[in-house]
>>> print(open('target-v7.txt').read())   # compact mmCIF, C-alpha atoms
# COMPACT_ATOMS: atom_id res chain seq x y z
CA MET A 7 9.55 4.67 8.64
CA THR A 8 7.14 3.02 11.02
CA LEU A 9 4.46 4.42 13.28
CA SER A 10 5.51 2.46 16.35
CA THR A 11 6.53 5.51 18.41
CA LEU A 12 3.31 7.45 17.98
CA SER A 13 1.32 8.51 21.01
CA PRO A 14 -2.10 6.89 21.54
CA ARG A 15 -3.72 10.24 20.68
CA ALA A 16 -1.87 10.47 17.36
CA ARG A 17 -2.60 6.80 16.66
CA ASP A 18 -6.32 7.32 17.16
CA LEU A 19 -6.24 10.48 15.03
CA ILE A 20 -4.56 8.66 12.14
CA THR A 21 -7.03 5.78 12.35
CA GLU A 22 -9.93 8.22 12.19
CA LEU A 23 -8.41 10.30 9.37
CA GLN A 24 -7.80 7.20 7.26
CA SER A 25 -11.41 6.15 7.69
CA ARG A 26 -13.10 9.55 7.31
CA GLY A 27 -10.67 11.39 5.04
CA LEU A 28 -9.52 15.00 5.06
CA ARG A 29 -10.67 18.24 3.43
CA LEU A 30 -7.95 20.62 2.25
CA ALA A 31 -8.19 24.40 2.25
CA ASP A 32 -5.28 24.31 -0.21
CA PRO A 33 -5.53 21.21 -2.46
CA GLY A 34 -2.05 21.98 -3.82
CA ALA A 35 -0.33 21.70 -0.44
CA GLY A 36 2.67 19.37 -0.38
CA ALA A 37 3.52 16.69 -2.91
CA PRO A 38 0.99 16.23 -5.73
CA SER A 39 -1.90 13.86 -5.10
CA ARG A 40 -3.69 12.02 -7.88
CA ARG A 41 -7.15 10.78 -8.64
CA GLY A 42 -7.34 7.15 -9.70
CA GLY A 43 -4.50 4.91 -10.81
CA ALA A 44 -2.57 2.17 -9.06
CA GLY A 45 -1.19 2.41 -5.54
CA PRO A 46 -2.49 4.79 -2.87
CA SER A 47 -4.80 6.87 -5.06
CA ASP A 48 -7.09 9.73 -4.06
CA HIS A 49 -4.75 10.26 -1.06
CA LYS A 50 -2.46 12.98 0.22
CA ALA A 51 0.70 12.32 2.22
CA VAL A 52 0.39 14.04 5.62
CA THR A 53 2.95 14.23 8.42
CA ILE A 54 1.45 13.97 11.91
CA ASP A 55 3.59 13.99 15.04
CA GLY A 56 6.68 13.42 12.88
CA HIS A 57 5.24 10.44 10.97
CA THR A 58 3.97 10.47 7.39
CA VAL A 59 0.75 8.68 6.51
CA MET A 60 -1.56 8.51 3.50
CA VAL A 61 -4.98 10.10 4.05
CA PRO A 62 -7.90 10.05 1.55
CA VAL A 63 -8.65 13.52 0.16
CA HIS A 64 -10.45 12.90 -3.16
CA THR A 65 -13.04 10.35 -2.03
CA ALA A 66 -16.74 10.75 -1.26
CA PRO A 67 -16.19 10.28 2.50
CA ALA A 68 -13.40 12.88 2.43
CA PHE A 69 -15.72 15.50 0.92
CA ASP A 70 -17.93 15.19 4.00
CA SER A 71 -15.13 14.73 6.52
CA PRO A 72 -15.24 16.75 9.75
CA PHE A 73 -11.47 17.21 9.40
CA LEU A 74 -10.09 20.26 7.61
CA ALA A 75 -6.45 21.22 7.04
CA ASP A 76 -5.84 24.95 6.74
CA ALA A 77 -3.52 26.21 4.02
CA PRO A 78 0.11 25.80 5.15
CA ASP A 79 1.92 28.84 6.49
CA ALA A 80 5.29 30.11 5.25
CA ALA A 81 7.05 27.37 7.23
CA GLY A 82 4.86 24.69 5.66
CA THR A 83 2.82 23.99 8.80
CA SER A 84 -0.95 23.56 8.63
CA THR A 85 -3.52 23.60 11.41
CA LEU A 86 -5.74 20.52 11.45
CA LYS A 87 -9.27 21.22 12.63
CA HIS A 88 -12.18 19.02 13.65
CA GLY A 89 -15.11 21.19 12.76
CA SER A 90 -13.91 24.63 13.79
CA ILE A 91 -11.70 23.37 16.64
CA PRO A 92 -7.91 23.22 16.08
CA ILE A 93 -6.64 19.81 17.20
CA ALA A 94 -3.12 19.38 15.77
CA GLN A 95 -0.33 20.84 13.68
CA ILE A 96 0.52 18.91 10.53
CA THR A 97 2.82 19.26 7.54
CA PHE A 98 2.87 17.88 4.00
CA PRO A 99 5.93 16.28 2.39
CA SER A 100 7.17 18.46 -0.46
CA THR A 101 7.35 17.48 -4.11
CA PRO A 102 10.43 15.27 -4.56
CA ARG A 103 13.28 16.69 -6.59
CA PHE A 104 13.47 13.68 -8.88
CA TYR A 105 10.05 14.68 -10.28
CA GLU A 106 11.82 17.55 -12.07
CA ARG A 107 13.78 15.16 -14.30
CA GLN A 108 12.98 13.14 -17.39
CA THR A 109 14.63 10.40 -19.39
CA ALA A 110 16.67 11.08 -22.50
CA ASP A 111 13.62 10.22 -24.62
CA GLY A 112 11.43 12.69 -22.74
CA VAL A 113 9.52 10.53 -20.24
CA PRO A 114 9.06 12.36 -16.91
CA TYR A 115 10.52 10.43 -14.00
CA SER A 116 7.16 10.80 -12.22
CA HIS A 117 5.59 8.69 -14.98
CA ILE A 118 7.99 5.86 -14.15
CA ALA A 119 7.89 5.85 -10.34
CA THR A 120 6.30 7.97 -7.63
CA LEU A 121 6.91 8.95 -4.03
CA HIS A 122 4.73 7.13 -1.49
CA GLY A 123 4.63 8.40 2.07
CA ARG A 124 7.87 10.21 2.82
CA ASP A 125 10.72 7.93 1.75
CA VAL A 126 9.33 5.10 -0.40
CA LEU A 127 9.62 4.86 -4.18
CA ALA A 128 6.85 2.88 -5.85
CA THR A 129 6.02 1.83 -9.36
CA THR A 130 3.57 -0.36 -11.26
CA VAL A 131 5.88 -2.04 -13.77
CA LEU A 132 3.03 -3.19 -16.01
CA GLN A 133 0.19 -0.65 -15.99
CA THR A 134 -2.15 -3.12 -17.70
CA CYS A 135 -3.88 -6.18 -16.27
CA ILE A 136 -5.83 -9.09 -17.68
CA ARG A 137 -8.32 -8.69 -14.84
CA TYR A 138 -8.94 -4.99 -15.56
CA GLU A 139 -9.74 -5.51 -19.23
CA SER A 140 -13.20 -6.83 -18.37
CA ARG A 141 -15.45 -5.21 -15.78
CA ARG A 142 -16.97 -8.67 -15.33
CA LYS A 143 -13.60 -9.96 -14.09
CA SER A 144 -11.92 -6.87 -12.71
CA CYS A 145 -11.29 -6.15 -9.08
CA GLN A 146 -14.12 -3.75 -8.32
CA PHE A 147 -11.90 -1.47 -6.24
CA CYS A 148 -9.06 -1.22 -8.79
CA SER A 149 -8.19 1.82 -10.91
CA ILE A 150 -4.92 0.65 -12.46
CA GLY A 151 -5.98 1.78 -15.93
CA GLN A 152 -7.01 5.30 -14.99
CA SER A 153 -3.56 6.86 -14.73
CA LEU A 154 -2.54 5.25 -18.01
CA ALA A 155 -5.65 6.57 -19.76
CA ALA A 156 -4.96 10.03 -18.32
CA GLY A 157 -1.41 10.06 -19.66
CA ARG A 158 0.20 10.18 -16.21
CA THR A 159 2.26 7.03 -16.69
CA ILE A 160 3.45 4.55 -19.32
CA ALA A 161 2.27 1.01 -19.92
CA HIS A 162 5.57 -0.80 -19.31
CA LYS A 163 8.49 0.63 -17.39
CA THR A 164 11.71 -0.88 -18.67
CA PRO A 165 14.40 -2.16 -16.30
CA ALA A 166 16.74 0.60 -17.49
CA GLN A 167 14.15 3.31 -16.79
CA LEU A 168 13.44 1.96 -13.31
CA ALA A 169 17.14 1.76 -12.47
CA GLU A 170 17.68 5.34 -13.66
CA VAL A 171 14.82 6.74 -11.59
CA ALA A 172 15.71 4.70 -8.50
CA ARG A 173 19.27 6.04 -8.57
CA ALA A 174 18.03 9.62 -8.85
CA ALA A 175 15.39 9.20 -6.12
CA VAL A 176 17.98 7.85 -3.70
CA ASP A 177 20.54 10.54 -4.52
CA LEU A 178 18.16 13.51 -4.62
CA ASP A 179 15.46 12.63 -2.10
CA GLY A 180 16.87 10.03 0.28
CA ILE A 181 14.53 7.23 -0.76
CA ARG A 182 15.03 4.30 1.66
CA HIS A 183 13.18 1.42 0.00
CA MET A 184 11.20 0.63 -3.14
CA VAL A 185 7.99 -1.19 -4.09
CA LEU A 186 7.62 -2.94 -7.44
CA THR A 187 4.07 -4.00 -8.17
CA THR A 188 2.46 -5.00 -11.44
CA GLY A 189 -0.75 -5.64 -13.22
CA THR A 190 -1.24 -9.32 -13.99
CA PRO A 191 -0.16 -10.29 -17.52
CA ALA A 192 -1.51 -13.22 -19.53
CA THR A 193 1.43 -15.42 -18.57
CA PRO A 194 1.60 -18.25 -16.01
CA ASP A 195 4.19 -16.42 -13.89
CA ARG A 196 1.56 -13.68 -13.22
CA GLY A 197 4.13 -10.91 -13.45
CA ALA A 198 7.04 -12.50 -11.59
CA ALA A 199 9.22 -12.50 -14.70
CA VAL A 200 9.04 -8.73 -15.28
CA LEU A 201 9.67 -8.17 -11.57
CA VAL A 202 12.82 -10.31 -11.77
CA ASP A 203 14.15 -8.24 -14.68
CA SER A 204 13.24 -4.97 -12.96
CA ALA A 205 14.79 -5.84 -9.60
CA ARG A 206 18.01 -7.07 -11.17
CA ALA A 207 18.51 -3.77 -13.02
CA ILE A 208 17.67 -1.65 -9.96
CA LYS A 209 20.02 -3.55 -7.67
CA ALA A 210 22.81 -3.20 -10.26
CA ALA A 211 22.35 0.58 -10.13
CA VAL A 212 21.55 0.94 -6.39
CA PRO A 213 22.87 -2.17 -4.60
CA ASP A 214 21.82 -1.05 -1.11
CA LEU A 215 18.21 -0.14 -1.92
CA PRO A 216 15.81 -2.69 -0.35
CA ILE A 217 13.07 -3.83 -2.73
CA GLN A 218 9.65 -5.35 -2.26
CA ALA A 219 8.04 -7.12 -5.22
CA GLN A 220 4.27 -7.65 -5.39
CA CYS A 221 2.35 -10.01 -7.67
CA GLU A 222 -0.27 -12.75 -7.64
CA PRO A 223 1.05 -16.22 -6.76
CA PRO A 224 2.93 -17.46 -9.84
CA ASP A 225 2.35 -20.85 -11.39
CA SER A 226 5.60 -22.26 -10.00
CA ASP A 227 7.25 -21.81 -6.62
CA LEU A 228 10.60 -21.65 -8.43
CA TRP A 229 9.87 -17.96 -9.09
CA PHE A 230 10.40 -17.12 -5.42
CA GLN A 231 14.08 -18.05 -5.51
CA ARG A 232 14.45 -16.29 -8.86
CA LEU A 233 13.01 -13.12 -7.35
CA LYS A 234 15.35 -13.32 -4.38
CA ASP A 235 18.36 -14.00 -6.59
CA ALA A 236 17.45 -10.91 -8.65
CA GLY A 237 17.64 -8.73 -5.54
CA VAL A 238 14.11 -8.74 -4.16
CA ASP A 239 14.21 -8.51 -0.35
CA THR A 240 10.54 -8.97 0.51
CA LEU A 241 7.49 -10.29 -1.31
CA GLY A 242 3.84 -9.25 -1.26
CA MET A 243 1.02 -11.48 -2.52
CA HIS A 244 -2.21 -9.70 -1.77
CA LEU A 245 -5.43 -11.38 -0.70
CA GLU A 246 -7.40 -8.11 -0.40
CA ALA A 247 -10.52 -10.03 0.76
CA VAL A 248 -10.42 -13.11 2.98
CA THR A 249 -13.72 -14.98 2.57
CA PRO A 250 -14.80 -16.75 -0.65
CA ALA A 251 -18.09 -14.87 -0.94
CA VAL A 252 -16.48 -11.44 -0.70
CA ARG A 253 -13.62 -12.45 -3.01
CA GLU A 254 -16.03 -13.60 -5.71
CA ARG A 255 -18.14 -10.48 -5.37
CA VAL A 256 -15.45 -7.80 -5.38
CA MET A 257 -12.70 -9.45 -7.46
CA PRO A 258 -14.26 -12.18 -9.60
CA GLY A 259 -11.22 -12.63 -11.85
CA LYS A 260 -8.62 -12.75 -9.13
CA ALA A 261 -10.83 -15.10 -7.11
CA SER A 262 -10.10 -17.73 -9.76
CA VAL A 263 -6.76 -18.15 -8.00
CA PRO A 264 -7.97 -20.21 -5.01
CA LEU A 265 -7.04 -19.50 -1.42
CA ALA A 266 -5.35 -22.89 -1.35
CA ARG A 267 -2.85 -21.66 -3.95
CA TYR A 268 -2.21 -18.50 -1.97
CA PHE A 269 -1.40 -20.52 1.11
CA SER A 270 0.89 -22.97 -0.64
CA ALA A 271 2.63 -19.97 -2.22
CA PHE A 272 2.93 -18.21 1.14
CA GLU A 273 4.55 -21.28 2.68
CA ALA A 274 7.01 -21.65 -0.20
CA ALA A 275 7.84 -17.93 -0.22
CA VAL A 276 8.51 -17.79 3.52
CA ALA A 277 10.98 -20.65 3.07
CA VAL A 278 12.90 -18.41 0.64
CA PHE A 279 12.52 -14.90 2.10
CA GLY A 280 12.13 -15.72 5.79
CA ARG A 281 9.48 -15.11 8.43
CA GLY A 282 8.08 -11.61 8.33
CA GLN A 283 9.51 -10.87 4.88
CA VAL A 284 6.41 -12.11 3.06
CA SER A 285 3.24 -10.06 3.44
CA THR A 286 -0.30 -9.69 2.17
CA TYR A 287 -2.67 -6.72 1.89
CA ILE A 288 -6.11 -7.13 3.43
CA LEU A 289 -8.69 -4.42 2.75
CA ALA A 290 -10.95 -3.99 5.74
CA GLY A 291 -14.41 -2.74 4.85
CA LEU A 292 -15.21 -4.77 1.73
CA GLY A 293 -17.62 -7.03 3.61
CA ASP A 294 -15.40 -9.41 5.56
CA SER A 295 -16.29 -9.46 9.26
CA ARG A 296 -13.90 -8.51 12.01
CA GLU A 297 -13.75 -12.15 13.07
CA ALA A 298 -12.98 -13.35 9.53
CA ILE A 299 -10.13 -10.85 9.15
CA LEU A 300 -8.62 -11.76 12.53
CA ASP A 301 -8.98 -15.51 11.91
CA MET A 302 -7.26 -15.19 8.53
CA SER A 303 -4.56 -12.98 10.05
CA GLN A 304 -3.78 -15.58 12.71
CA ARG A 305 -3.51 -18.25 10.03
CA LEU A 306 -1.10 -16.03 8.10
CA LEU A 307 0.97 -15.21 11.18
CA ASP A 308 1.31 -18.92 11.95
CA LEU A 309 2.96 -19.29 8.53
CA GLY A 310 5.24 -16.29 9.07
CA VAL A 311 3.29 -13.94 6.76
CA TYR A 312 2.68 -10.34 7.82
CA PRO A 313 -1.04 -9.42 7.43
CA PHE A 314 -1.06 -5.75 6.47
CA VAL A 315 -4.66 -4.73 7.17
CA VAL A 316 -5.64 -1.33 5.75
CA PRO A 317 -8.95 0.52 5.54
CA PHE A 318 -10.67 0.19 2.18
CA VAL A 319 -10.67 3.50 0.28
CA PRO A 320 -13.45 3.93 -2.34
CA ILE A 321 -11.59 5.23 -5.41
CA SER A 322 -13.43 7.54 -7.77
CA GLY A 323 -14.24 6.01 -11.15
CA THR A 324 -14.36 2.41 -9.89
CA PRO A 325 -17.48 0.25 -9.42
CA LEU A 326 -17.01 0.60 -5.65
CA GLU A 327 -16.59 4.38 -5.63
CA SER A 328 -19.79 4.74 -3.60
CA HIS A 329 -19.08 1.84 -1.27
CA PRO A 330 -18.72 3.19 2.29
CA ALA A 331 -15.30 3.32 3.90
CA PRO A 332 -15.02 1.31 7.11
CA THR A 333 -15.86 3.17 10.29
CA THR A 334 -13.20 4.20 12.75
CA ALA A 335 -14.76 1.89 15.35
CA PHE A 336 -14.53 -1.08 12.97
CA MET A 337 -10.87 -0.37 12.19
CA ARG A 338 -10.00 -0.09 15.87
CA SER A 339 -11.84 -3.33 16.60
CA VAL A 340 -9.59 -5.07 14.06
CA LEU A 341 -6.28 -3.28 14.55
CA GLU A 342 -6.13 -3.38 18.35
CA PRO A 343 -6.22 -7.18 18.68
CA LEU A 344 -4.24 -7.64 15.45
CA GLY A 345 -1.43 -5.48 16.79
CA GLN A 346 -1.13 -7.78 19.78
CA MET A 347 -1.25 -10.85 17.56
CA VAL A 348 1.53 -9.49 15.35
CA SER A 349 3.69 -8.73 18.38
CA GLN A 350 3.14 -12.18 19.86
CA ALA A 351 4.15 -13.75 16.53
CA GLY A 352 7.34 -11.66 16.44
CA LEU A 353 6.55 -10.22 13.00
CA ARG A 354 6.70 -6.48 13.61
CA ALA A 355 6.60 -3.91 10.83
CA SER A 356 9.94 -2.48 11.96
CA ASP A 357 11.65 -5.77 11.09
CA ILE A 358 10.38 -5.85 7.49
CA LYS A 359 13.17 -4.96 5.07
CA ALA A 360 11.06 -3.15 2.45
CA GLY A 361 7.54 -2.51 1.26
CA CYS A 362 4.10 -1.50 2.40
CA GLY A 363 4.19 -3.09 5.83
CA LYS A 364 7.50 -1.44 6.65
CA CYS A 365 6.30 1.97 5.45
CA GLY A 366 3.00 1.63 7.31
CA ALA A 367 1.65 4.86 5.83
CA CYS A 368 -1.64 3.34 4.63
CA SER A 369 -2.62 1.85 8.01
CA SER A 370 -2.04 2.55 11.69
CA LEU A 371 -1.45 -1.17 12.35
CA SER A 372 2.19 -0.80 13.37
CA VAL A 373 1.21 1.56 16.20
CA TYR A 374 -0.98 -1.12 17.70
CA GLU A 375 1.90 -3.59 17.64
CA THR A 376 3.47 -1.80 20.58
CA ALA A 377 0.33 -0.49 22.28
CA SER A 378 -0.90 -1.90 25.55
CA PRO A 379 -3.77 -4.39 25.22
CA LEU A 380 -7.08 -2.59 25.06
CA ALA A 381 -10.62 -3.75 25.44
CA VAL A 382 -12.13 -4.52 22.06
CA PRO A 383 -15.87 -4.79 21.46
CA ALA A 384 -17.11 -8.20 20.40
>>> encode(input="target-v7.txt", output="structure tokens")
Amino acid sequence: MTLSTLSPRARDLITELQSRGLRLADPGAGAPSRRGGAGPSDHKAVTIDGHTVMVPVHTAPAFDSPFLADAPDAAGTSTLKHGSIPIAQITFPSTPRFYERQTADGVPYSHIATLHGRDVLATTVLQTCIRYESRRKSCQFCSIGQSLAAGRTIAHKTPAQLAEVARAAVDLDGIRHMVLTTGTPATPDRGAAVLVDSARAIKAAVPDLPIQAQCEPPDSDLWFQRLKDAGVDTLGMHLEAVTPAVRERVMPGKASVPLARYFSAFEAAVAVFGRGQVSTYILAGLGDSREAILDMSQRLLDLGVYPFVVPFVPISGTPLESHPAPTTAFMRSVLEPLGQMVSQAGLRASDIKAGCGKCGACSSLSVYETASPLAVPA
């Protein structure tokens, strides 16, 4: 699923919703949302104009959002209002059927992997992280430990468990691709080894399911070929912030892996997976300027890496829970030129085989890839 066919009006609405959040007349509408934890947290999946996106609903900005979704009617349709004015009809993806199942030893499938967007299965293979163990070193926006502490997941999903849930999610709910991410363990591979084992088991059970793996750059570039040989189709290594000062402030532990290592890893990974099949997450709104994000994105595009720029979402319970979300104007000022840059580089979201960039639910970037050039404020 990509957003490339959305109208300009729907594109602008999604950009604004992802910055300002959404209030819900019926918090139980659609698939369950969750507070805290890894992945898109404090969000609700919302379908607008036929496309499913993730919109913040449990954040401080969302509580004051001018947008309100009425309770869905009998057909599952909700009226979206700005203030008191109806502006669109939306729906919410329903709870997936695989959530009803559990493993033979009693672990709910939803504790092993979850639905993201409309047709993406995602899991955090290791729900622990050496960075998270110390608030002095942790990424200040991260809540990976919250879902584990709340009993909503398990610390280590085994390859057999992941394969079992992936098979069920494909058969019951039409899942089209899968994301394997991980907390960083205290090993030099930085999680690549557990991703190799996980992907191999999943591909043995569901050979045609495209997989994206996500981890910090491992110690050796040899891991990239091992990941591909295990069945990984695309790779994500996430910068989050792009300038040294912001990296050191918001993710002091992860900043110990220098940008130089990220770029040598990007180059080596593209040689294995191909142009456009390696990506990185960039969180707009942490303090990096528009110019810094666009300069870094161009550098990434030149290497063949897809820069998936998403609005920062302040997650409850994290040190940055009160940090403001980026404004809609700031996001447009980044995404409009970036969409053109991505198109010119020939690295469109629609060509990605699996993962966050392909899904596009957490950012409206893919819409701007096909939009006409627009004037962008300096």
>>> atom_distance(input="target-v7.txt", atom1="CA of Thr85 in chain A", atom2="CA of Thr21 in chain A")
18.2 Å
>>> residues_around(input="target-v7.txt", residues="range 245-249 of chain A", least_positions_apart="6", cutoff="9 Å", atoms="only C-alpha atoms", output="list of chain:residue names")
A:Glu222, A:Val256, A:Met257, A:Leu265, A:Tyr268, A:Thr286, A:Tyr287, A:Ile288, A:Leu289, A:Ala290, A:Leu292, A:Gly293, A:Asp294, A:Ala298, A:Ile299, A:Met302, A:Val315
>>> residues_around(input="target-v7.txt", residues="Ala198 in chain A", least_positions_apart="6", cutoff="7 Å", atoms="all atoms listed in the file", output="ChimeraX atom specification")
/A:221,224,229
>>> residues_near_point(input="target-v7.txt", point="(2.9, 11.5, 3.1)", cutoff="8 Å", atoms="all atoms listed in the file", output="ChimeraX atom specification")
/A:37,50-53,58-60,98-99,122-124,367
>>> residues_around(input="target-v7.txt", residues="Thr129 in chain A", least_positions_apart="4", cutoff="10 Å", atoms="only C-alpha atoms", output="list in words")
Ala44, Gly45, Ser116, His117, Ile118, Ala119, Thr120, Leu121, His122, Gln133, Thr159, Lys163, Leu168, Met184, Val185, Leu186, Thr187 and Thr188 of chain A
>>> residues_around(input="target-v7.txt", residues="Thr134 in chain A", least_positions_apart="2", cutoff="10 Å", atoms="only C-alpha atoms", output="PyMOL selection string")
chain A and resi 130-132+136-139+150-151+154+160-162+188-191
>>> closest_residue(input="target-v7.txt", among="A:Ser322, A:Thr83, A:Gln24, A:Thr109", to="Ser71 in chain A", atoms="only C-alpha atoms")
A:Gln24
>>> build_atoms(input="target-v7.txt", residues="range 125-144 of chain A", atoms="N, CA and C atoms", output="CSV table (one decimal), in the coordinates of the input")
chain,number,residue,atom,x,y,z
A,125,ASP,N,9.4,8.4,2.2
A,125,ASP,CA,10.7,7.9,1.8
A,125,ASP,C,10.7,6.6,1.0
A,126,VAL,N,9.5,6.3,0.3
A,126,VAL,CA,9.3,5.1,-0.4
A,126,VAL,C,9.1,5.4,-1.9
A,127,LEU,N,9.8,4.7,-2.7
A,127,LEU,CA,9.6,4.9,-4.2
A,127,LEU,C,8.8,3.7,-4.6
A,128,ALA,N,7.8,4.0,-5.4
A,128,ALA,CA,6.8,2.9,-5.8
A,128,ALA,C,6.5,3.0,-7.3
A,129,THR,N,6.3,1.8,-7.9
A,129,THR,CA,6.0,1.8,-9.4
A,129,THR,C,5.2,0.6,-9.7
A,130,THR,N,4.3,0.8,-10.7
A,130,THR,CA,3.6,-0.4,-11.3
A,130,THR,C,4.3,-0.7,-12.6
A,131,VAL,N,5.0,-1.8,-12.6
A,131,VAL,CA,5.9,-2.0,-13.8
A,131,VAL,C,5.0,-2.2,-15.0
A,132,LEU,N,4.0,-3.0,-14.9
A,132,LEU,CA,3.0,-3.2,-16.0
A,132,LEU,C,1.7,-2.5,-15.6
A,133,GLN,N,1.4,-1.4,-16.3
A,133,GLN,CA,0.2,-0.6,-16.0
A,133,GLN,C,-1.1,-1.2,-16.7
A,134,THR,N,-1.0,-2.4,-17.1
A,134,THR,CA,-2.2,-3.1,-17.7
A,134,THR,C,-2.4,-4.4,-16.9
A,135,CYS,N,-3.6,-5.0,-17.0
A,135,CYS,CA,-3.9,-6.2,-16.3
A,135,CYS,C,-5.0,-7.0,-17.0
A,136,ILE,N,-4.8,-8.3,-17.0
A,136,ILE,CA,-5.8,-9.1,-17.7
A,136,ILE,C,-7.1,-9.0,-16.9
A,137,ARG,N,-7.1,-8.8,-15.6
A,137,ARG,CA,-8.3,-8.7,-14.8
A,137,ARG,C,-9.1,-7.4,-15.2
A,138,TYR,N,-8.3,-6.3,-15.4
A,138,TYR,CA,-8.9,-5.0,-15.6
A,138,TYR,C,-9.6,-4.8,-16.9
A,139,GLU,N,-9.2,-5.7,-17.9
A,139,GLU,CA,-9.7,-5.5,-19.2
A,139,GLU,C,-11.2,-5.8,-19.3
A,140,SER,N,-11.8,-6.5,-18.4
A,140,SER,CA,-13.2,-6.8,-18.4
A,140,SER,C,-13.8,-6.5,-17.0
A,141,ARG,N,-14.8,-5.6,-17.0
A,141,ARG,CA,-15.4,-5.2,-15.8
A,141,ARG,C,-16.1,-6.4,-15.1
A,142,ARG,N,-16.4,-7.5,-15.9
A,142,ARG,CA,-17.0,-8.7,-15.3
A,142,ARG,C,-15.9,-9.4,-14.5
A,143,LYS,N,-14.7,-9.2,-14.8
A,143,LYS,CA,-13.6,-10.0,-14.1
A,143,LYS,C,-12.8,-9.1,-13.2
A,144,SER,N,-12.9,-7.8,-13.4
A,144,SER,CA,-11.9,-6.9,-12.7
A,144,SER,C,-12.2,-6.8,-11.2
